[in-house]
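The file start-v7.txt comes next; it holds compact mmCIF, C-alpha atoms.
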# COMPACT_ATOMS: atom_id res chain seq x y z
CA MET D 1 134.61 87.26 110.26
CA ASN D 2 133.32 84.45 112.46
CA GLY D 3 132.17 86.76 115.25
CA PRO D 4 129.09 88.97 115.53
CA ILE D 5 128.40 91.19 112.53
CA GLN D 6 129.03 94.89 113.12
CA LEU D 7 126.56 97.70 112.35
CA ASN D 8 127.61 98.39 108.76
CA GLU D 9 127.95 94.67 108.00
CA ARG D 10 124.50 94.04 109.43
CA ILE D 11 122.88 96.47 107.01
CA VAL D 12 124.71 94.82 104.12
CA LEU D 13 123.50 91.40 105.24
CA TYR D 14 119.86 92.49 105.32
CA ASP D 15 120.19 94.23 101.95
CA ILE D 16 121.67 91.11 100.35
CA ILE D 17 118.97 88.81 101.70
CA ARG D 18 116.29 91.34 100.69
CA GLY D 19 117.73 91.49 97.17
CA PHE D 20 117.71 87.71 96.95
CA ALA D 21 114.10 87.61 98.17
CA LEU D 22 113.13 90.25 95.60
CA CYS D 23 114.42 88.02 92.79
CA GLY D 24 112.38 85.08 94.02
CA ILE D 25 109.25 87.17 94.49
CA PHE D 26 109.47 88.45 90.92
CA LEU D 27 109.87 84.92 89.58
CA VAL D 28 106.74 83.94 91.51
CA ASN D 29 104.79 87.03 90.44
CA ILE D 30 105.55 87.27 86.75
CA PRO D 31 103.39 84.28 85.68
CA SER D 32 100.27 86.07 86.97
CA MET D 33 101.52 89.40 85.61
CA LEU D 34 101.81 87.90 82.14
CA GLY D 35 98.76 85.67 82.47
CA SER D 36 100.64 82.40 81.95
CA ASP D 37 99.31 81.60 85.41
CA TRP D 38 95.84 83.12 85.65
CA MET D 39 95.77 84.33 89.25
CA PHE D 40 92.27 83.05 90.03
CA GLY D 41 92.39 79.99 87.81
CA ARG D 42 94.21 76.70 87.61
CA PRO D 43 96.15 76.22 84.38
CA ASP D 44 97.39 72.92 83.01
CA TYR D 45 101.12 72.54 82.48
CA TYR D 46 102.94 70.54 79.84
CA GLY D 47 106.52 70.15 78.63
CA SER D 48 108.92 72.82 79.80
CA ASP D 49 106.13 74.68 81.62
CA LEU D 50 105.51 71.63 83.80
CA VAL D 51 109.22 71.46 84.65
CA VAL D 52 109.28 75.16 85.51
CA ARG D 53 106.10 74.93 87.61
CA THR D 54 107.55 71.98 89.51
CA LEU D 55 110.84 73.77 90.14
CA PHE D 56 108.88 76.81 91.32
CA ASP D 57 106.93 74.73 93.82
CA LEU D 58 110.08 72.98 95.01
CA PHE D 59 112.46 75.91 95.40
CA ILE D 60 110.66 79.26 94.96
CA GLN D 61 106.94 79.31 95.74
CA THR D 62 106.21 80.54 99.33
CA LYS D 63 109.94 80.65 100.10
CA PHE D 64 110.56 84.27 99.27
CA TYR D 65 107.54 86.09 100.67
CA THR D 66 108.48 84.27 103.88
CA ILE D 67 111.94 85.84 103.77
CA PHE D 68 110.54 89.24 102.78
CA SER D 69 108.05 89.15 105.66
CA LEU D 70 110.76 88.21 108.15
CA LEU D 71 112.88 91.12 106.92
CA PHE D 72 109.89 93.44 107.26
CA GLY D 73 109.56 92.42 110.89
CA ILE D 74 113.29 92.83 111.44
CA GLY D 75 113.34 96.25 109.80
CA PHE D 76 110.43 97.59 111.78
CA SER D 77 111.79 96.19 115.03
CA ILE D 78 114.91 98.29 114.38
CA PHE D 79 112.76 101.30 113.44
CA LEU D 80 110.69 101.03 116.61
CA GLU D 81 113.78 100.46 118.75
CA ARG D 82 115.41 103.63 117.44
CA SER D 83 112.19 105.63 117.79
CA TYR D 84 111.68 104.58 121.39
CA ALA D 85 115.37 105.18 122.14
CA ARG D 86 114.87 108.82 121.02
CA GLY D 87 111.89 109.11 123.32
CA GLU D 88 109.39 109.19 120.46
CA SER D 89 105.99 107.55 120.41
CA ALA D 90 104.83 105.14 117.72
CA SER D 91 103.34 108.03 115.71
CA ARG D 92 106.23 108.15 113.24
CA TYR D 93 105.97 104.42 112.78
CA VAL D 94 102.25 104.77 112.05
CA ARG D 95 103.03 107.50 109.52
CA ARG D 96 105.52 105.20 107.83
CA ILE D 97 102.91 102.45 107.68
CA VAL D 98 100.28 104.81 106.24
CA VAL D 99 102.65 105.86 103.44
CA LEU D 100 103.34 102.20 102.70
CA PHE D 101 99.60 101.55 102.57
CA LEU D 102 99.16 104.35 100.03
CA PHE D 103 101.91 102.83 97.89
CA GLY D 104 100.11 99.53 98.19
CA LEU D 105 96.73 100.93 97.16
CA ALA D 106 98.22 102.59 94.09
CA HIS D 107 99.99 99.36 93.20
CA LEU D 108 96.87 97.30 93.87
CA ALA D 109 94.95 99.42 91.36
CA ILE D 110 97.25 97.98 88.69
CA TRP D 111 97.93 94.46 89.91
CA SER D 112 96.10 92.12 92.30
CA GLY D 113 99.27 90.54 93.64
CA ASP D 114 100.34 93.60 95.63
CA ILE D 115 101.67 92.72 99.09
CA LEU D 116 102.39 96.24 100.38
CA HIS D 117 98.83 96.99 101.48
CA THR D 118 98.75 93.68 103.35
CA TYR D 119 102.03 94.51 105.07
CA ALA D 120 100.69 97.92 106.05
CA MET D 121 97.35 96.62 107.34
CA TRP D 122 98.95 94.02 109.58
CA GLY D 123 102.09 96.02 110.32
CA LEU D 124 99.97 98.48 112.29
CA LEU D 125 99.68 95.82 114.98
CA LEU D 126 103.43 95.42 115.55
CA PRO D 127 103.81 98.21 118.17
CA LEU D 128 101.25 96.39 120.32
CA PHE D 129 103.60 93.41 120.52
CA TYR D 130 106.91 95.25 120.77
CA GLY D 131 106.86 95.45 124.56
CA LEU D 132 106.12 91.76 125.07
CA SER D 133 108.75 89.31 126.26
CA ASN D 134 110.57 87.18 123.72
CA ARG D 135 108.70 84.15 124.97
CA ALA D 136 105.34 85.84 124.48
CA ILE D 137 106.28 87.03 120.99
CA LEU D 138 107.37 83.54 119.94
CA THR D 139 104.24 82.01 121.45
CA TRP D 140 102.06 84.38 119.42
CA ALA D 141 104.15 83.81 116.29
CA TRP D 142 104.02 80.02 116.44
CA SER D 143 100.34 80.00 117.40
CA LEU D 144 99.34 82.24 114.49
CA LEU D 145 101.54 80.40 111.98
CA ILE D 146 100.40 76.91 112.96
CA GLY D 147 96.79 78.02 113.50
CA SER D 148 96.52 79.66 110.08
CA PHE D 149 98.15 76.64 108.44
CA PHE D 150 95.63 74.22 109.92
CA LEU D 151 92.67 76.55 109.41
CA PHE D 152 93.29 77.48 105.79
CA TYR D 153 95.35 74.58 104.40
CA VAL D 154 95.15 71.38 106.40
CA SER D 155 91.37 71.53 106.77
CA SER D 156 90.94 71.88 102.99
CA ALA D 157 93.55 69.19 102.33
CA LEU D 158 91.79 66.75 104.66
CA VAL D 159 88.43 67.30 102.96
CA GLU D 160 90.09 66.90 99.59
CA TRP D 161 91.85 63.71 100.65
CA THR D 162 88.64 62.26 102.12
CA ASN D 163 86.84 62.89 98.84
CA GLY D 164 89.58 61.22 96.81
CA GLY D 165 90.67 64.50 95.27
CA ASN D 166 88.66 67.44 94.07
CA PHE D 167 89.87 69.07 90.91
CA TYR D 168 88.82 72.71 90.67
CA GLY D 169 89.67 74.65 87.55
CA GLY D 170 89.28 78.09 89.09
CA THR D 171 87.40 81.04 87.64
CA PRO D 172 87.37 81.60 83.85
CA PHE D 173 89.87 83.98 82.33
CA PRO D 174 88.26 87.44 81.90
CA THR D 175 88.47 88.73 78.34
CA ALA D 176 88.56 92.28 79.77
CA TYR D 177 92.30 91.83 80.26
CA ASN D 178 92.83 92.04 76.51
CA ASP D 179 90.13 94.62 75.74
CA GLY D 180 92.11 97.76 76.52
CA PHE D 181 92.75 99.84 79.63
CA GLY D 182 89.14 100.94 80.11
CA ALA D 183 87.59 97.46 80.22
CA TRP D 184 90.53 96.13 82.21
CA PHE D 185 90.36 98.85 84.86
CA ASP D 186 86.57 98.57 85.20
CA TYR D 187 86.92 94.85 85.78
CA ARG D 188 89.61 95.43 88.38
CA LEU D 189 87.54 98.01 90.27
CA ASN D 190 84.36 95.93 90.19
CA VAL D 191 85.82 92.49 90.90
CA GLU D 192 89.48 92.03 91.66
CA ILE D 193 90.45 94.85 94.02
CA PHE D 194 87.76 94.01 96.57
CA SER D 195 88.72 90.34 96.34
CA ALA D 196 92.40 91.18 96.86
CA ILE D 197 91.73 93.32 99.94
CA SER D 198 89.45 90.65 101.41
CA ASN D 199 92.13 88.05 100.79
CA SER D 200 94.62 90.22 102.70
CA LEU D 201 92.58 89.73 105.85
CA LEU D 202 93.02 85.96 105.54
CA VAL D 203 96.60 85.58 104.34
CA GLY D 204 97.60 88.37 106.70
CA VAL D 205 97.40 86.04 109.69
CA GLU D 206 100.34 84.04 108.38
CA ILE D 207 102.13 87.19 107.27
CA PHE D 208 101.78 88.72 110.73
CA SER D 209 103.19 85.59 112.36
CA LEU D 210 106.29 86.06 110.18
CA PHE D 211 106.45 89.71 111.24
CA LEU D 212 106.57 88.55 114.84
CA PHE D 213 109.38 86.10 114.10
CA GLY D 214 111.21 88.98 112.42
CA LEU D 215 110.53 91.21 115.41
CA TYR D 216 112.15 88.62 117.68
CA ILE D 217 115.12 88.06 115.33
CA GLY D 218 115.70 91.79 114.94
CA ARG D 219 115.42 92.55 118.63
CA GLU D 220 117.76 89.74 119.65
CA ARG D 221 120.12 90.24 116.68
CA LYS D 222 119.94 86.50 116.01
CA LEU D 223 121.30 86.64 112.46
CA LEU D 224 124.12 88.87 113.65
CA THR D 225 125.32 86.84 116.62
CA TRP D 226 124.48 83.23 115.78
CA THR D 227 127.57 81.06 115.35
CA ILE D 228 128.58 79.71 111.96
CA GLN D 229 128.15 76.20 113.33
CA GLY D 230 124.62 76.98 114.48
CA LEU D 231 123.68 78.52 111.14
CA THR D 232 125.14 75.57 109.21
CA ARG D 233 123.39 73.02 111.37
CA THR D 234 120.05 74.81 111.03
CA ALA D 235 120.40 75.10 107.24
CA ILE D 236 121.12 71.38 106.88
CA ILE D 237 118.33 70.25 109.22
CA CYS D 238 115.71 72.41 107.48
CA ALA D 239 116.80 71.22 104.04
CA ILE D 240 116.52 67.58 105.12
CA LEU D 241 113.11 68.16 106.72
CA ALA D 242 111.87 69.64 103.41
CA LEU D 243 112.62 66.45 101.45
CA PRO D 244 109.40 64.52 102.31
CA PHE D 245 107.36 67.52 101.18
CA PHE D 246 109.35 67.57 97.95
CA GLY D 247 108.10 64.03 97.41
CA ILE D 248 104.48 65.20 97.72
CA ILE D 249 105.08 68.03 95.27
CA LEU D 250 106.65 65.69 92.70
CA TRP D 251 103.78 63.22 93.19
CA HIS D 252 101.30 66.02 92.53
CA HIS D 253 102.97 67.16 89.30
CA TYR D 254 104.24 63.87 87.86
CA GLY D 255 102.37 61.11 89.68
CA ASP D 256 98.76 60.37 90.49
CA GLY D 257 98.29 63.32 92.79
CA TYR D 258 97.15 65.92 90.29
CA VAL D 259 93.65 66.13 91.78
CA TYR D 260 95.06 66.82 95.25
CA TYR D 261 95.46 70.56 94.88
CA TRP D 262 95.32 71.50 98.58
CA VAL D 263 97.61 68.66 99.58
CA ASN D 264 100.22 70.07 97.21
CA LEU D 265 99.66 73.62 98.49
CA SER D 266 100.18 72.42 102.05
CA ALA D 267 103.44 70.72 101.08
CA VAL D 268 104.60 73.83 99.23
CA LEU D 269 103.83 76.00 102.26
CA VAL D 270 105.68 73.85 104.79
CA SER D 271 108.68 73.32 102.52
CA GLY D 272 108.63 77.07 101.91
CA LYS D 273 109.19 77.86 105.56
CA LEU D 274 111.94 75.26 105.85
CA LEU D 275 113.82 76.29 102.70
CA ALA D 276 113.42 79.99 103.50
CA THR D 277 115.27 79.28 106.75
CA THR D 278 117.95 77.40 104.85
CA TYR D 279 118.39 80.23 102.34
CA VAL D 280 118.69 82.88 105.07
CA CYS D 281 121.23 80.82 107.00
CA LEU D 282 123.35 80.15 103.90
CA PHE D 283 123.46 83.82 102.91
CA THR D 284 124.34 84.82 106.47
CA ILE D 285 127.20 82.31 106.44
CA ALA D 286 128.42 83.62 103.07
CA VAL D 287 128.41 87.24 104.28
CA ARG D 288 130.25 86.21 107.44
CA ASN D 289 132.88 84.68 105.18
CA GLY D 290 133.35 87.91 103.26
CA ARG D 291 131.05 87.55 100.25
CA THR D 292 129.52 90.86 99.15
CA PHE D 293 126.96 89.91 96.46
CA ARG D 294 126.99 93.48 95.14
CA PRO D 295 124.17 93.06 92.59
CA LEU D 296 121.87 91.56 95.25
CA GLN D 297 122.94 94.23 97.70
CA ALA D 298 121.96 96.97 95.25
CA LEU D 299 118.65 95.26 94.45
CA GLY D 300 117.94 95.02 98.18
CA ARG D 301 118.74 98.65 98.91
CA MET D 302 116.21 99.63 96.25
CA ALA D 303 113.77 96.79 96.92
CA LEU D 304 110.66 98.99 97.06
CA THR D 305 111.54 100.77 93.83
CA ASN D 306 112.41 97.54 92.05
CA TYR D 307 109.29 95.75 93.33
CA LEU D 308 106.96 98.50 92.08
CA THR D 309 108.88 98.80 88.82
CA HIS D 310 108.18 95.13 88.07
CA THR D 311 104.53 95.99 87.66
CA LEU D 312 105.17 99.13 85.63
CA VAL D 313 107.43 97.42 83.09
CA VAL D 314 105.41 94.21 82.79
CA VAL D 315 101.69 94.69 83.53
CA ILE D 316 101.16 98.06 81.85
CA PRO D 317 102.77 97.09 78.51
CA VAL D 318 101.02 93.69 78.52
CA ILE D 319 97.58 95.28 78.99
CA ALA D 320 98.34 98.06 76.49
CA LEU D 321 99.32 95.52 73.81
CA GLY D 322 96.49 93.11 74.61
CA TYR D 323 99.15 90.47 75.22
CA TYR D 324 97.85 88.95 78.45
CA ARG D 325 98.13 85.14 78.45
CA HIS D 326 100.22 85.10 75.28
CA LEU D 327 103.55 84.13 76.87
CA SER D 328 104.21 80.73 78.40
CA LEU D 329 105.47 80.12 81.92
CA THR D 330 108.92 79.26 80.55
CA GLN D 331 109.09 82.44 78.47
CA GLY D 332 108.07 84.43 81.53
CA VAL D 333 111.09 83.11 83.42
CA PHE D 334 113.44 84.47 80.77
CA VAL D 335 111.62 87.81 80.80
CA SER D 336 111.93 88.07 84.58
CA ILE D 337 115.62 87.15 84.60
CA THR D 338 116.32 89.76 81.92
CA ILE D 339 114.49 92.45 83.90
CA LEU D 340 116.25 91.50 87.15
CA ILE D 341 119.67 91.73 85.50
CA ALA D 342 118.78 95.16 84.10
CA GLN D 343 117.52 96.27 87.51
CA ALA D 344 120.71 95.10 89.20
CA PHE D 345 122.85 97.20 86.84
CA PHE D 346 120.52 100.19 87.16
CA SER D 347 120.44 99.94 90.96
CA MET D 348 124.25 99.80 91.20
CA TRP D 349 124.50 102.81 88.90
CA TRP D 350 121.82 104.80 90.75
CA LEU D 351 123.32 104.16 94.19
CA LYS D 352 126.66 105.57 93.11
CA SER D 353 125.13 109.04 93.33
CA HIS D 354 122.06 108.54 95.53
CA ARG D 355 121.67 107.16 99.02
CA TYR D 356 118.15 105.87 98.41
CA GLY D 357 116.09 104.61 95.50
CA PRO D 358 113.32 106.90 94.15
CA PHE D 359 110.43 105.24 95.99
CA GLU D 360 112.57 104.68 99.09
CA LYS D 361 113.21 108.43 99.10
CA LEU D 362 109.48 109.18 98.84
CA TRP D 363 108.79 106.74 101.67
CA ARG D 364 111.41 108.44 103.79
CA ILE D 365 110.00 111.90 103.07
CA GLY D 366 106.54 110.66 103.97
CA THR D 367 107.92 109.33 107.24
CA TYR D 368 110.22 112.16 108.34
CA GLY D 369 109.20 115.14 106.23
CA LEU D 370 111.23 117.25 103.82
CA GLN D 371 113.48 118.69 106.52
CA GLN D 372 115.02 115.33 107.42
CA LYS D 373 118.67 115.03 106.40
CA SER D 374 119.32 111.93 104.31
What does the file become when written as structure tokens?
Amino acid sequence: MNGPIQLNERIVLYDIIRGFALCGIFLVNIPSMLGSDWMFGRPDYYGSDLVVRTLFDLFIQTKFYTIFSLLFGIGFSIFLERSYARGESASRYVRRIVVLFLFGLAHLAIWSGDILHTYAMWGLLLPLFYGLSNRAILTWAWSLLIGSFFLFYVSSALVEWTNGGNFYGGTPFPTAYNDGFGAWFDYRLNVEIFSAISNSLLVGVEIFSLFLFGLYIGRERKLLTWTIQGLTRTAIICAILALPFFGIILWHHYGDGYVYYWVNLSAVLVSGKLLATTYVCLFTIAVRNGRTFRPLQALGRMALTNYLTHTLVVVIPVIALGYYRHLSLTQGVFVSITILIAQAFFSMWWLKSHRYGPFEKLWRIGTYGLQQKS
């Protein structure tokens, strides 16, 4: 299996990588879902929580939304390619995006970390870039990625460094989170939802750059035709390039760099792009060599359902029980792993008798209508 991946193998590859990304995203999200990391604050970490937070920054944080965003771009490049090949306009694509946005709004009403509405808002722009040359797409992608990095991260890090560090504790934890559904939902409507949507306009610049990279990769079938040697070389180079940034992250958590918050964030972001590339290359190599990763494949095929279910099985019970901020970061890791294992078994069971997950089916109906065979 050292040659190009065939059609059915290609779908399996994307599902596996998507399932892997889903696991990482949940690990990143669950601290804010449980309140062990207050989303708009800056908690202190000690003992095992400090170890976990450091490992997150080294190997998980920013790595997996990068992969997920690339896959989004790849998936919609395939969707647009097939639509245009059938002589259709972008109207069906727009309908698909609108349905995704509605999912995102519903999800955002429960949890501020929703990414679906951001994907939908910026995904509407993809058809405008589809007809560009590969060179133009890559120029836009690199320009937006580097530009957003310097505008939002490097500028803040430079100011912070010039001032000798600038510790900011974030906003206070709102007691409304443990005062029942009514107080919690009022707080979300009045404060958090608007803030989350506004934030989407800023972080969306980076997200859209990743969409464009995915658009290029999907259109050129890069993951499907790249040689094993090329994939291996790229994985090794990116892992090596990430090492200096690992040093900054360790200095921030265990050295004298605690007050350099934005410097650490910048290191986490850059290492995230490098390690995300390494992860994708390694999984592509493994699939080329015959590995199936069936649990990850099932998680990936039902990624939308599993992603939304994370919120339903974590946030709703936590708010109902008034248990927000009661579990530590370390405990949250065990909770997330337990849920992911359960989801993997459920997804494998469900897909034995269904072609799509429940929310994937709704998304498909919203895109094609009830008459579409599936």
Quick one: of D:Leu241, D:Ile115, D:Ala183, D:Val203, who's nearest to Leu144 (chain D), counting only C-alpha atoms?
->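 Selected residue with least distance to Leu144 (chain D): D:Val203.
Ranking D:Trp262, D:Phe345, D:Tyr177, D:Phe101 by their shortest atom-to-atom distance to Thr118 (chain D), with all atoms listed in the file included, puts D:Phe101 first.
The space between CA of Ala235 (chain D) and CA of Phe283 (chain D) spans 10.2 Å.
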How far is it from CA of Ala344 (chain D) to CA of Ala298 (chain D), in Å with one decimal?
->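 CA of Ala298 (chain D) lies at a distance of 6.5 Å from CA of Ala344 (chain D).
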Close residues, Gly180 (chain D) itself excluded, 7 Å, all atoms listed in the file, min 6 positions apart in chain, as a short mmCIF file (atom, residue, chain, number, x, y, z; two decimals) with C-alpha atoms, keeping the file's coordinate frame:
data_model
loop_
_atom_site.label_atom_id
_atom_site.label_comp_id
_atom_site.auth_asym_id
_atom_site.auth_seq_id
_atom_site.Cartn_x
_atom_site.Cartn_y
_atom_site.Cartn_z
CA ILE D 319 97.58 95.28 78.99
CA ALA D 320 98.34 98.06 76.49
CA GLY D 322 96.49 93.11 74.61
#
The distance between CA of Thr66 (chain D) and CA of Gly204 (chain D) is 12.0 Å
For region 306-371 of chain D versus region 11-25 of chain D, which residues have an atom no more than 9 Å away, and what is each residue's nearest atom pair and distance in Å rounded to one decimal, using only C-alpha atoms, chain-then-number order, as JSON lines?
{"residue": "D:Asn306", "atom": "CA", "partner": "D:Leu22", "partner_atom": "CA", "distance": 8.1}
{"residue": "D:Tyr307", "atom": "CA", "partner": "D:Leu22", "partner_atom": "CA", "distance": 7.1}
{"residue": "D:Ser336", "atom": "CA", "partner": "D:Cys23", "partner_atom": "CA", "distance": 8.6}
{"residue": "D:Ile337", "atom": "CA", "partner": "D:Cys23", "partner_atom": "CA", "distance": 8.3}
{"residue": "D:Leu340", "atom": "CA", "partner": "D:Cys23", "partner_atom": "CA", "distance": 6.9}
Using all atoms listed in the file, which of D:Thr227, D:Asn264, D:Thr311, D:Ser271 sits nearest Arg288 (chain D)?
->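 Using all atoms listed in the file, Arg288 (chain D) sits closest to D:Thr227.
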Have a look at D:Leu58, D:Val335, D:Ile137, D:Leu50 and name the one nearest to Ile248 (chain D); count all atoms listed in the file.
->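 With all atoms listed in the file as the atom set, the closest residue is D:Leu58.
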What's the 6 Å shell around Gly218 (chain D), counting all atoms listed in the file, without same-chain residues fewer than 3 positions away, as a ChimeraX atom specification?
-> /D:74,77,214-215,221
Considering only C-alpha atoms, return as a PyMOL selection string whatever protein or nucleic-acid residues lie within 12 Å of region 59-64 of chain D, sequence-local ones (same chain, fewer than 4 positions apart) excluded.
-> chain D and resi 17-29+31+52-55+68-71+203+206-207+210+239+242-243+245-246+249+264-280
